[in-house]
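Structure file entry-v6.cif (mmCIF, C-alpha atoms) follows.
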```cif
data_target
#
loop_
_atom_site.label_atom_id
_atom_site.label_comp_id
_atom_site.auth_asym_id
_atom_site.auth_seq_id
_atom_site.Cartn_x
_atom_site.Cartn_y
_atom_site.Cartn_z
CA MET K 27 -18.94 6.16 31.57
CA THR K 28 -16.33 8.28 29.78
CA ILE K 29 -14.54 5.14 28.54
CA LEU K 30 -17.82 3.69 27.24
CA LEU K 31 -18.57 6.92 25.39
CA PHE K 32 -15.05 6.94 23.90
CA VAL K 33 -15.39 3.34 22.69
CA GLY K 34 -18.88 4.07 21.36
CA GLY K 35 -17.58 6.94 19.24
CA VAL K 36 -14.74 4.80 17.86
CA LEU K 37 -17.16 1.98 16.99
CA PHE K 38 -19.58 4.41 15.33
CA VAL K 39 -16.91 5.72 12.99
CA ALA K 40 -15.35 2.27 12.45
CA VAL K 41 -18.69 0.81 11.36
CA GLY K 42 -19.34 3.87 9.20
CA ILE K 43 -15.99 3.57 7.41
CA ALA K 44 -16.39 -0.20 6.95
CA ALA K 45 -19.85 0.35 5.44
CA SER K 46 -18.41 3.06 3.18
CA ILE K 47 -15.72 0.67 1.92
CA ALA K 48 -18.31 -2.04 1.30
CA LEU K 49 -20.52 0.37 -0.65
CA HIS K 50 -17.50 1.63 -2.60
CA GLU K 51 -16.98 -1.90 -3.89
CA VAL K 52 -20.72 -2.19 -4.63
CA GLY K 53 -20.20 0.86 -6.85
CA HIS K 54 -17.80 -1.28 -8.93
CA LEU K 55 -19.81 -4.50 -8.65
CA LEU K 56 -23.18 -3.32 -9.94
CA PRO K 57 -22.04 -1.77 -13.25
CA ALA K 58 -19.67 -4.71 -13.84
CA LYS K 59 -22.57 -7.15 -13.58
CA LEU K 60 -24.77 -4.81 -15.62
CA PHE K 61 -22.20 -4.92 -18.43
CA LYS K 62 -22.00 -8.76 -18.17
CA VAL K 63 -18.40 -8.90 -16.91
CA ARG K 64 -17.90 -12.06 -14.86
CA VAL K 65 -17.07 -11.04 -11.29
CA THR K 66 -15.32 -13.81 -9.37
CA GLN K 67 -15.00 -12.11 -5.97
CA TYR K 68 -16.48 -9.26 -3.95
CA MET K 69 -14.38 -8.86 -0.81
CA VAL K 70 -14.29 -6.31 2.01
CA GLY K 71 -10.86 -6.27 3.62
CA PHE K 72 -7.54 -7.95 2.90
CA GLY K 73 -5.60 -10.93 4.19
CA PRO K 74 -7.09 -14.30 5.20
CA THR K 75 -10.78 -14.79 4.45
CA PHE K 76 -12.89 -14.49 7.60
CA PHE K 77 -16.22 -15.40 6.02
CA SER K 78 -17.44 -15.98 2.47
CA ARG K 79 -20.42 -17.35 0.59
CA ARG K 80 -20.83 -18.05 -3.11
CA ARG K 81 -23.91 -16.81 -4.90
CA GLY K 82 -24.01 -17.68 -8.56
CA GLU K 83 -20.61 -17.05 -10.12
CA THR K 84 -19.42 -14.59 -7.44
CA GLU K 85 -17.90 -15.23 -4.01
CA TYR K 86 -18.91 -12.61 -1.43
CA GLY K 87 -16.90 -12.33 1.76
CA LEU K 88 -15.12 -10.53 4.56
CA LYS K 89 -11.39 -10.67 5.17
CA ALA K 90 -9.43 -10.38 8.38
CA ILE K 91 -7.99 -6.85 7.84
CA PRO K 92 -10.90 -4.44 7.17
CA LEU K 93 -8.76 -1.68 5.64
CA GLY K 94 -10.04 -1.74 2.08
CA GLY K 95 -11.67 -4.11 -0.34
CA TYR K 96 -11.77 -5.25 -3.94
CA VAL K 97 -13.90 -6.64 -6.74
CA SER K 98 -12.15 -9.25 -8.90
CA MET K 99 -13.22 -9.27 -12.57
CA VAL K 100 -11.97 -11.62 -15.30
CA GLY K 101 -9.88 -10.24 -18.13
CA MET K 102 -8.38 -7.19 -16.43
CA PHE K 103 -5.23 -7.68 -18.57
CA PRO K 104 -5.25 -8.43 -22.31
CA PRO K 105 -3.20 -11.42 -23.54
CA ALA K 106 0.34 -10.80 -24.78
CA ARG K 107 0.51 -9.61 -28.37
CA THR K 108 1.84 -12.04 -30.98
CA GLY K 109 3.86 -11.47 -34.10
CA ASP K 110 2.99 -12.52 -37.64
CA ASP K 111 4.33 -16.01 -36.95
CA GLY K 112 2.08 -16.39 -33.91
CA ALA K 113 4.93 -16.16 -31.41
CA VAL K 114 4.42 -14.10 -28.26
CA ARG K 115 6.31 -10.83 -28.41
CA GLN K 116 8.76 -10.30 -25.55
CA SER K 117 10.02 -6.74 -25.31
CA SER K 118 12.41 -7.48 -22.46
CA THR K 119 13.46 -10.06 -19.91
CA GLY K 120 14.08 -9.90 -16.21
CA MET K 121 12.13 -9.37 -13.02
CA PHE K 122 9.68 -6.80 -14.38
CA GLN K 123 8.87 -8.92 -17.42
CA GLN K 124 8.35 -11.89 -15.14
CA LEU K 125 5.89 -9.90 -13.03
CA THR K 126 3.94 -9.01 -16.15
CA ASN K 127 3.93 -12.59 -17.41
CA ASP K 128 2.83 -13.94 -14.03
CA ALA K 129 -0.04 -11.44 -13.90
CA ARG K 130 -1.20 -12.42 -17.39
CA ARG K 131 -0.91 -16.11 -16.53
CA ALA K 132 -2.99 -15.64 -13.38
CA ALA K 133 -5.59 -13.67 -15.32
CA ALA K 134 -5.74 -16.36 -18.03
CA GLU K 135 -6.28 -19.09 -15.43
CA GLN K 136 -9.48 -17.37 -14.32
CA LEU K 137 -11.01 -17.68 -17.78
CA ARG K 138 -13.42 -20.45 -18.62
CA PRO K 139 -15.43 -21.36 -21.73
CA GLY K 140 -17.98 -18.63 -22.49
CA ASP K 141 -15.87 -15.80 -21.03
CA GLU K 142 -14.60 -14.65 -24.42
CA ASP K 143 -17.02 -11.69 -24.50
CA ARG K 144 -17.23 -11.19 -20.73
CA VAL K 145 -13.70 -9.98 -20.08
CA PHE K 146 -13.07 -6.47 -18.76
CA TYR K 147 -10.51 -5.36 -21.34
CA LYS K 148 -12.93 -5.97 -24.24
CA LEU K 149 -15.55 -3.59 -22.90
CA PRO K 150 -16.01 -0.25 -24.65
CA ILE K 151 -13.91 2.42 -23.02
CA HIS K 152 -16.87 4.31 -21.58
CA LYS K 153 -18.14 1.17 -19.83
CA ARG K 154 -14.74 0.52 -18.26
CA ILE K 155 -14.65 4.09 -17.00
CA ILE K 156 -18.16 3.73 -15.55
CA ILE K 157 -17.14 0.57 -13.68
CA MET K 158 -13.97 2.09 -12.21
CA LEU K 159 -15.65 5.43 -11.47
CA GLY K 160 -18.53 3.66 -9.71
CA GLY K 161 -16.59 3.19 -6.46
CA PRO K 162 -15.48 6.82 -5.97
CA LEU K 163 -18.90 8.09 -7.03
CA MET K 164 -20.50 5.89 -4.38
CA ASN K 165 -18.29 7.57 -1.76
CA LEU K 166 -19.26 10.97 -3.14
CA LEU K 167 -22.97 10.11 -2.88
CA ILE K 168 -22.53 8.83 0.68
CA GLY K 169 -20.66 12.02 1.58
CA ILE K 170 -23.42 14.21 0.10
CA LEU K 171 -26.10 12.20 1.92
CA LEU K 172 -24.32 12.45 5.28
CA PHE K 173 -23.67 16.17 4.81
CA ALA K 174 -27.39 16.59 4.04
CA VAL K 175 -28.25 14.78 7.28
CA LEU K 176 -25.71 16.91 9.14
CA ILE K 177 -26.74 20.30 7.73
CA MET K 178 -30.50 19.85 7.25
CA GLY K 179 -31.13 17.46 10.15
CA PHE K 180 -28.74 18.47 12.91
CA GLY K 181 -27.86 21.89 11.54
CA SER K 182 -24.70 23.96 11.61
CA ALA K 183 -23.33 25.72 14.68
CA GLN K 184 -24.71 29.25 14.90
CA ALA K 185 -24.03 31.98 17.44
CA THR K 186 -27.09 32.81 19.56
CA THR K 187 -27.98 35.83 21.67
CA THR K 188 -27.40 33.78 24.84
CA VAL K 189 -24.17 34.67 26.67
CA SER K 190 -21.68 31.82 27.15
CA GLU K 191 -18.96 33.72 29.04
CA VAL K 192 -18.30 37.18 30.47
CA TYR K 193 -14.77 38.58 30.57
CA GLU K 194 -13.68 40.51 33.67
CA CYS K 195 -11.33 42.80 31.74
CA VAL K 196 -10.39 43.88 28.23
CA VAL K 197 -6.94 43.03 26.84
CA PRO K 198 -6.16 44.72 23.49
CA ALA K 199 -5.56 42.30 20.61
CA SER K 200 -2.08 43.71 19.92
CA GLN K 201 -1.12 43.17 23.55
CA GLN K 202 -2.36 39.58 23.40
CA ALA K 203 -0.36 38.95 20.22
CA GLU K 204 2.85 40.47 21.62
CA THR K 205 2.80 39.04 25.15
CA GLY K 206 0.41 36.11 24.91
CA GLN K 207 -1.54 37.59 27.83
CA THR K 208 -4.97 36.05 28.37
CA ASP K 209 -5.58 36.73 32.10
CA CYS K 210 -6.39 40.09 33.65
CA SER K 211 -3.56 42.15 35.11
CA GLU K 212 -3.41 45.39 37.04
CA GLY K 213 -4.27 48.33 34.82
CA ASP K 214 -6.47 46.41 32.36
CA PRO K 215 -9.89 48.11 32.01
CA THR K 216 -12.93 46.28 33.40
CA ALA K 217 -15.07 44.71 30.68
CA PRO K 218 -18.33 46.68 30.14
CA ALA K 219 -20.44 43.50 30.23
CA PHE K 220 -19.01 42.60 33.64
CA GLU K 221 -19.79 46.09 34.93
CA ALA K 222 -23.34 45.86 33.54
CA GLY K 223 -23.97 42.67 35.54
CA LEU K 224 -24.24 40.22 32.63
CA GLN K 225 -23.69 36.55 33.50
CA PRO K 226 -23.34 33.33 31.46
CA GLY K 227 -26.78 32.06 30.50
CA ASP K 228 -28.33 35.54 30.11
CA ARG K 229 -30.13 36.15 26.80
CA VAL K 230 -29.78 39.68 25.40
CA THR K 231 -33.17 40.88 24.17
CA SER K 232 -32.65 44.61 23.55
CA PHE K 233 -29.70 46.93 22.89
CA ASP K 234 -29.85 50.70 22.52
CA GLY K 235 -33.65 50.53 22.33
CA ARG K 236 -33.67 48.00 19.48
CA GLU K 237 -34.89 44.41 19.70
CA VAL K 238 -32.04 41.91 19.30
CA THR K 239 -32.81 39.05 16.89
CA SER K 240 -29.35 37.68 16.08
CA TRP K 241 -25.81 37.67 17.43
CA ASP K 242 -24.34 39.20 14.26
CA GLU K 243 -26.83 42.05 14.52
CA LEU K 244 -25.96 42.65 18.20
CA SER K 245 -22.20 42.52 17.43
CA SER K 246 -22.50 45.18 14.73
CA TRP K 247 -24.45 47.50 17.06
CA ILE K 248 -21.84 47.02 19.83
CA ARG K 249 -18.98 47.85 17.45
CA ASP K 250 -20.71 51.07 16.37
CA ALA K 251 -21.59 52.19 19.92
CA ALA K 252 -18.04 52.63 21.26
CA GLY K 253 -17.88 55.28 24.02
CA ARG K 254 -21.68 55.78 24.24
CA GLU K 255 -23.74 54.70 27.23
CA VAL K 256 -26.71 52.75 25.89
CA PRO K 257 -29.56 50.81 27.51
CA ILE K 258 -29.39 47.01 27.43
CA THR K 259 -32.02 44.43 28.43
CA TYR K 260 -31.37 40.77 29.06
CA GLU K 261 -33.39 37.84 30.28
CA ARG K 262 -32.25 35.78 33.29
CA ASN K 263 -34.18 32.79 34.64
CA GLY K 264 -37.37 34.00 32.97
CA SER K 265 -37.11 37.56 34.30
CA SER K 266 -36.21 40.68 32.33
CA VAL K 267 -33.34 42.82 33.61
CA ASP K 268 -32.70 46.41 32.47
CA SER K 269 -29.24 47.99 32.68
CA THR K 270 -26.90 50.34 30.86
CA ILE K 271 -23.60 49.58 29.17
CA THR K 272 -20.80 51.61 27.55
CA PRO K 273 -18.91 49.64 24.85
CA LEU K 274 -15.16 50.23 25.13
CA LEU K 275 -13.17 51.29 22.06
CA THR K 276 -10.40 48.69 21.77
CA GLU K 277 -8.37 46.70 19.25
CA ARG K 278 -10.02 43.49 18.09
CA PRO K 279 -8.89 40.98 15.41
CA VAL K 280 -10.50 41.28 11.98
CA ALA K 281 -12.18 37.99 11.06
CA GLY K 282 -12.47 36.66 7.52
CA ASP K 283 -15.49 34.99 5.92
CA ASP K 284 -14.45 31.67 7.48
CA GLY K 285 -14.37 33.18 10.97
CA ALA K 286 -10.57 32.90 11.28
CA ALA K 287 -8.44 35.92 12.14
CA GLN K 288 -7.03 37.69 9.09
CA LEU K 289 -3.25 37.99 8.73
CA ASP K 290 -1.23 40.63 6.90
CA ALA K 291 1.68 39.97 4.51
CA ASN K 292 4.04 39.50 7.48
CA GLY K 293 1.81 36.95 9.18
CA ASN K 294 0.59 39.37 11.87
CA GLN K 295 -3.03 39.68 12.96
CA VAL K 296 -5.03 42.44 11.29
CA THR K 297 -6.84 44.49 13.94
CA GLN K 298 -9.27 47.39 14.06
CA GLU K 299 -10.59 49.65 16.82
CA VAL K 300 -14.25 48.89 17.51
CA GLY K 301 -16.71 48.86 20.39
CA PHE K 302 -16.34 45.84 22.66
CA ILE K 303 -18.20 44.70 25.79
CA GLY K 304 -16.44 41.39 26.60
CA VAL K 305 -18.91 38.55 26.14
CA GLY K 306 -18.94 35.28 24.23
CA SER K 307 -21.92 33.71 22.49
CA THR K 308 -23.45 30.30 23.07
CA GLN K 309 -23.41 28.13 19.97
CA GLU K 310 -26.32 25.91 19.02
CA LEU K 311 -27.16 23.72 16.04
CA VAL K 312 -29.60 25.39 13.65
CA PRO K 313 -30.98 23.31 10.71
CA GLN K 314 -30.12 24.87 7.35
CA PRO K 315 -31.96 24.73 4.01
CA ALA K 316 -31.10 22.17 1.32
CA GLY K 317 -29.29 24.84 -0.66
CA GLU K 318 -26.50 24.88 1.94
CA VAL K 319 -25.57 21.21 1.43
CA MET K 320 -23.67 21.34 -1.86
CA PRO K 321 -21.65 24.47 -0.97
CA ALA K 322 -20.52 22.69 2.21
CA VAL K 323 -19.64 19.57 0.23
CA TRP K 324 -17.71 21.65 -2.29
CA ASP K 325 -15.74 23.45 0.44
CA SER K 326 -14.80 20.08 1.95
CA LEU K 327 -13.74 18.70 -1.46
CA VAL K 328 -11.55 21.76 -2.07
CA ARG K 329 -9.81 21.32 1.30
CA VAL K 330 -9.26 17.59 0.73
CA SER K 331 -7.99 18.21 -2.81
CA GLY K 332 -5.48 20.71 -1.44
CA VAL K 333 -4.14 18.06 0.94
CA VAL K 334 -3.97 15.43 -1.83
CA VAL K 335 -2.20 17.74 -4.29
CA ASN K 336 0.48 18.44 -1.70
CA LEU K 337 0.41 14.91 -0.25
CA PRO K 338 4.17 14.16 -0.46
CA GLN K 339 5.02 17.39 1.36
CA ARG K 340 2.23 16.85 3.92
CA VAL K 341 3.43 13.30 4.65
CA VAL K 342 7.00 14.55 5.13
CA GLU K 343 5.67 17.14 7.60
CA VAL K 344 3.80 14.40 9.48
CA GLY K 345 7.02 12.37 9.66
CA GLN K 346 8.97 15.38 10.95
CA ALA K 347 6.33 16.01 13.62
CA ALA K 348 6.24 12.33 14.63
CA PHE K 349 10.01 12.22 15.26
CA SER K 350 10.51 15.71 16.73
CA ASP K 351 8.88 18.31 18.95
CA ALA K 352 7.14 19.97 15.98
CA PRO K 353 3.32 20.11 16.28
CA ARG K 354 1.00 18.22 13.93
CA ASP K 355 -0.89 20.26 11.35
CA PRO K 356 -4.62 19.79 12.14
CA GLU K 357 -5.35 20.26 8.42
CA GLY K 358 -2.89 17.55 7.38
CA PRO K 359 -3.55 13.86 6.55
CA ILE K 360 -4.48 11.41 9.29
CA SER K 361 -5.05 7.66 9.37
CA VAL K 362 -8.14 5.70 10.37
CA VAL K 363 -6.54 5.46 13.82
CA GLY K 364 -6.49 9.26 14.02
CA VAL K 365 -10.10 9.50 12.84
CA GLY K 366 -11.11 6.92 15.45
CA ARG K 367 -9.28 8.79 18.18
CA ILE K 368 -10.98 12.06 17.30
CA ALA K 369 -14.35 10.27 17.26
CA GLY K 370 -13.70 8.84 20.71
CA GLU K 371 -12.62 12.19 22.14
CA VAL K 372 -15.72 13.90 20.73
CA SER K 373 -18.03 11.21 22.13
CA ALA K 374 -16.45 11.50 25.59
CA MET K 375 -17.10 15.27 25.86
CA GLU K 376 -20.00 15.09 28.27
CA GLU K 377 -20.10 18.88 28.54
CA VAL K 378 -21.08 19.04 24.84
CA PRO K 379 -24.77 18.36 24.02
CA PHE K 380 -25.44 14.83 22.79
CA ASP K 381 -26.88 15.95 19.44
CA ALA K 382 -23.79 18.05 18.77
CA ARG K 383 -21.54 15.03 19.42
CA VAL K 384 -23.57 12.82 17.10
CA ALA K 385 -23.50 15.54 14.45
CA THR K 386 -19.71 15.67 14.67
CA LEU K 387 -19.46 11.89 14.21
CA VAL K 388 -21.76 12.02 11.19
CA GLY K 389 -19.62 14.82 9.78
CA LEU K 390 -16.45 12.75 10.33
CA VAL K 391 -17.81 9.79 8.36
CA GLY K 392 -19.07 12.15 5.65
CA GLY K 393 -15.66 13.80 5.43
CA VAL K 394 -13.90 10.42 5.18
CA ASN K 395 -16.13 9.51 2.21
CA LEU K 396 -15.30 12.75 0.42
CA ALA K 397 -11.62 12.08 1.08
CA LEU K 398 -11.99 8.55 -0.37
CA PHE K 399 -13.65 10.04 -3.46
CA VAL K 400 -10.78 12.45 -4.10
CA PHE K 401 -7.97 10.04 -3.15
CA ASN K 402 -9.23 7.22 -5.39
CA LEU K 403 -9.23 9.55 -8.40
CA ILE K 404 -5.43 9.96 -8.25
CA PRO K 405 -4.37 8.69 -11.72
CA LEU K 406 -2.01 6.00 -10.45
CA LEU K 407 -2.49 2.25 -10.21
CA PRO K 408 -3.68 0.45 -8.13
CA LEU K 409 -6.14 3.27 -7.43
CA ASP K 410 -9.32 3.57 -9.48
CA GLY K 411 -7.98 6.73 -11.09
CA GLY K 412 -5.12 4.70 -12.58
CA HIS K 413 -7.54 2.39 -14.40
CA ILE K 414 -9.55 5.38 -15.59
CA ALA K 415 -6.38 7.06 -16.88
CA GLY K 416 -5.41 3.84 -18.69
CA ALA K 417 -8.80 3.64 -20.40
CA LEU K 418 -8.62 7.29 -21.44
CA TRP K 419 -5.10 6.76 -22.84
CA GLU K 420 -6.33 3.78 -24.85
CA GLY K 421 -9.19 5.88 -26.20
CA LEU K 422 -6.78 8.63 -27.20
CA ARG K 423 -4.45 6.18 -28.98
CA ARG K 424 -7.32 4.60 -30.91
CA THR K 425 -8.76 7.99 -31.84
CA VAL K 426 -5.39 9.18 -33.17
CA ALA K 427 -5.02 5.94 -35.14
CA ARG K 428 -8.47 6.41 -36.71
CA VAL K 429 -7.83 10.05 -37.61
CA PHE K 430 -4.51 9.23 -39.29
CA LYS K 431 -5.85 5.96 -40.78
CA ARG K 432 -3.36 3.81 -38.92
CA PRO K 433 -3.93 0.24 -37.72
CA ASP K 434 -5.87 -0.10 -34.47
CA PRO K 435 -3.23 -0.28 -31.70
CA GLY K 436 -5.53 -2.57 -29.68
CA PRO K 437 -6.22 -2.41 -25.94
CA PHE K 438 -3.72 -0.68 -23.71
CA ASP K 439 -1.76 -3.32 -21.81
CA MET K 440 -2.18 -2.35 -18.14
CA ALA K 441 -0.05 -5.34 -17.15
CA LYS K 442 3.04 -3.43 -18.33
CA LEU K 443 2.43 -0.95 -15.51
CA LEU K 444 2.58 -3.59 -12.80
CA PRO K 445 6.09 -2.63 -11.62
CA LEU K 446 4.86 0.95 -11.12
CA THR K 447 1.72 -0.41 -9.47
CA TYR K 448 3.74 -2.38 -6.94
CA ALA K 449 5.95 0.64 -6.26
CA VAL K 450 2.89 2.86 -5.62
CA ALA K 451 1.37 0.15 -3.42
CA VAL K 452 4.54 0.00 -1.32
CA LEU K 453 4.56 3.81 -0.98
CA LEU K 454 0.89 3.82 0.04
CA LEU K 455 1.56 1.10 2.59
CA GLY K 456 4.52 3.04 3.98
CA MET K 457 2.45 6.22 4.15
CA GLY K 458 -0.30 4.36 5.99
CA VAL K 459 2.15 2.93 8.54
CA LEU K 460 3.73 6.37 9.10
CA LEU K 461 0.33 8.05 9.60
CA ILE K 462 -0.79 5.37 12.04
CA TYR K 463 2.46 5.71 14.00
CA ALA K 464 2.12 9.51 14.06
CA ASP K 465 -1.52 9.27 15.18
CA ILE K 466 -0.39 7.13 18.11
CA VAL K 467 2.70 9.02 19.30
CA LYS K 468 1.78 12.56 18.12
CA PRO K 469 -1.97 12.73 17.51
CA VAL K 470 -3.64 15.75 15.95
CA ASN K 471 -4.87 18.06 18.70
CA LEU K 472 -8.21 19.61 17.79
CA PHE K 473 -9.54 20.36 21.25
CA GLY K 474 -6.65 22.05 23.06
#
```
Please express what this file holds, its structure, as C-alpha cells.
Amino acid sequence: MTILLFVGGVLFVAVGIAASIALHEVGHLLPAKLFKVRVTQYMVGFGPTFFSRRRGETEYGLKAIPLGGYVSMVGMFPPARTGDDGAVRQSSTGMFQQLTNDARRAAAEQLRPGDEDRVFYKLPIHKRIIIMLGGPLMNLLIGILLFAVLIMGFGSAQATTTVSEVYECVVPASQQAETGQTDCSEGDPTAPAFEAGLQPGDRVTSFDGREVTSWDELSSWIRDAAGREVPITYERNGSSVDSTITPLLTERPVAGDDGAAQLDANGNQVTQEVGFIGVGSTQELVPQPAGEVMPAVWDSLVRVSGVVVNLPQRVVEVGQAAFSDAPRDPEGPISVVGVGRIAGEVSAMEEVPFDARVATLVGLVGGVNLALFVFNLIPLLPLDGGHIAGALWEGLRRTVARVFKRPDPGPFDMAKLLPLTYAVAVLLLGMGVLLIYADIVKPVNLFG
C-alpha cells in the first residue's frame, strides 16, 4: 500500500508539471495566433516525436522527453542586412558566424508565399513582448489558482486547542542548545502538564477561569502565569475534566513572525523566561479568506527569486553536498526528480490525514509554477526573458534613433546571440544533470 501511495504522489505531481508545461506553451501559442504569426509547431517535450497531428497550419504533438516544450514561429530571426550594393554584410567569419548563418538559413526555409507580414520579427515590440510573456504569465496564473485552492479550499495549518503531545520533563532551551539534550535526565523538573494529567487528544477548554478559544490565546496566558497555580479544564472522550496546573518559569526560544526560532548576531538562539507547561498542539487545516491568497503567492515568489538571484552559488553548494558529507539546503534548488521524490514521500505518510497530503501535493505543483514564472524571466536566451530583453533593447535603440533623428537601426538581430544562447543552454543542461544526480544520491530531507 505504501508503494502505491508513493507512486500515486509521484504521478500526481508529474501530470501536474506536464500540464503546466503544456499550458505554458499555450500562453505563447494563443497571442501568436491572435497577432497572425504563422505557428508551425506546438510541441510538449523534446527529442523524437511520440505523437503529432496537424490542424490547419500548425502541427501539435508530444515528444519522447517531457521536460519542456516549445512553440515554433516563422521569422524569429531577421534576414542578414545588406550593403548599398545589395551584398550581404559579413562582420566576421568562423564557427560563430556559421552558426548565425545556419540559423538564418533554417528560418528562411520555413517561409512560404504570404508570410511576408506574418513573421515574428516584424511585429510591433509590444506584441512580441506579449507573446513571449504569455508563457510565464500562464504559469503565474496557474500558481495563483492552485494557491487559491490550497488556501481557500484545503486551508492552512493552524494550531488547535487539542493536545498532540505531553512532555514528561522540562529541558531549558539553553541546555538543549549547548548539549543537544532532548530526553529527560535525572534532575530535570517534571512538566506541569504531565503532573496535571493531560494526555494527547485532550482539548483544553478553560484556563485560569477563562474560556479557551485559540491556541495562541492559551499560549499567551500560560506564559504570563509562571509560578501561579491556576485551574485548567480539558475535554477527554466527551467528558470534562477539572484540574490545576502551575506553569514553570523556564527558558524558551523566541519565535519570529514565520514561526522559526530567532537568532542573535552570533547565530545563537534568542531565548526568554516565560511560563511553560510542556504540551504540543495538534495542527489542522483551516480554510482562509481570499485575501490570504496573494500574500502567500508573494511570499513564495520572494523566496524563489532569492534562490534564482543566487543560483550559481546555490548550484555550487548542491554540487559540494552531492560529492561530500555536507547536508543539502532544503531551501536550495531541486530537480523534477527531487520534487517527485518529495511528492511520493508525502503521499506515503499514512499517519498524516489524507486531505493534508493532497493539500501538500497541490502546493508543490503551485510552487513549481511560480518557480517556472520567475526562472523563465531571467533575461538570457533561450529563456523567454532573453527574447523580452531583446525586444526591449530594440525598442530602446529605435527610440534613441528617433529622438536624435538618426536612421532607423532596424530590428535587433537575435541570431547574433546564438553562441551565447548555446552556451546558456549547455549550462542549463549541466545544472539539470547535477540537480538530478544530487536528488538521487543526496536528496533534500524535509521530514527528518
### Query
Written as a list in words, what is the full residue list that the PyMOL selection byres ((chain K and resi 33) around 10) yields on the file shown?
Met27, Thr28, Ile29, Leu30, Leu31, Phe32, Gly34, Gly35, Val36, Leu37, Phe38, Gly366, Arg367, Ala369, Gly370, Glu371, Ser373 and Ala374 of chain K
### Message
Evaluated on this file, the PyMOL selection byres ((chain K and resi 464) around 12) picks out some residues - which ones are they, written as number ranges by chain?
### Response
K: 341-350, 352-355, 358-364, 457-463, 465-471
### Query
Near K:Leu311, counting all atoms listed in the file, which residues have an atom at most 6 Å away, once you skip same-chain residues fewer than 4 positions from it, shown as a PyMOL selection string?
chain K and resi 181-183
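For the structure shown here, the set of residues caught by the PyMOL selection byres ((chain K and resi 69) around 9) is Ala48, Glu51, Gln67, Tyr68, Val70, Gly71, Phe72, Thr75, Ser78, Glu85, Tyr86, Gly87, Leu88, Lys89, Gly94, Gly95, Tyr96, Val97 and Ser98 of chain K.
Using all atoms listed in the file, the residues found no farther than 10 Å from K:Ile170, other than those of its own chain fewer than 4 positions away, are Met164, Asn165, Leu166, Ala174, Val175, Leu176, Val319, Met320, Ala322, Val323, Trp324, Gly392, Gly393, Asn395 and Leu396 of chain K.
The spacing separating atom CA of K:Gly161 from atom CA of K:Gly411 amounts to 10.4 Å.
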Could you build a table of the residues in stretch 255-373 of chain K lying no more than 7 Å from stretch 242-251 of chain K, giving for each the nearest pair of atoms and their separation in Å rounded to one decimal place, using all atoms listed in the file, ordered by chain and ascending residue number, as JSON lines?
```
{"residue": "K:Pro273", "atom": "CA", "partner": "K:Ala251", "partner_atom": "CA", "distance": 6.2}
{"residue": "K:Val300", "atom": "CA", "partner": "K:Arg249", "partner_atom": "CA", "distance": 4.8}
{"residue": "K:Gly301", "atom": "CA", "partner": "K:Arg249", "partner_atom": "CA", "distance": 3.8}
{"residue": "K:Phe302", "atom": "CA", "partner": "K:Arg249", "partner_atom": "CA", "distance": 6.2}
```
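Among the candidates K:Ile156, K:Val365, K:Ile151, K:Cys195, the residue lying nearest to K:Gly416 is K:Ile151 (atoms considered: all atoms listed in the file).
The nearest approach to K:His54 among the residues K:Gly421, K:Pro435, K:Pro162, K:Pro257, with all atoms listed in the file taken into account, belongs to K:Pro162.
For the pair atom CA of K:Arg144 and atom CA of K:Pro57, the interatomic distance is 13.0 Å.
Between atom CA of K:Val100 and atom CA of K:Val145 the interatomic distance comes to 5.3 Å.
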### Query
Which residues come within 12 Å of K:Leu422, counting only C-alpha atoms, excluding same-chain residues fewer than 3 positions away, as a ChimeraX atom specification?
/K:151,415-419,425-429,434-438
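Closest to K:Leu56 among K:Gly160, K:Val312, K:Arg254, K:Val400 is K:Gly160, based on only C-alpha atoms.
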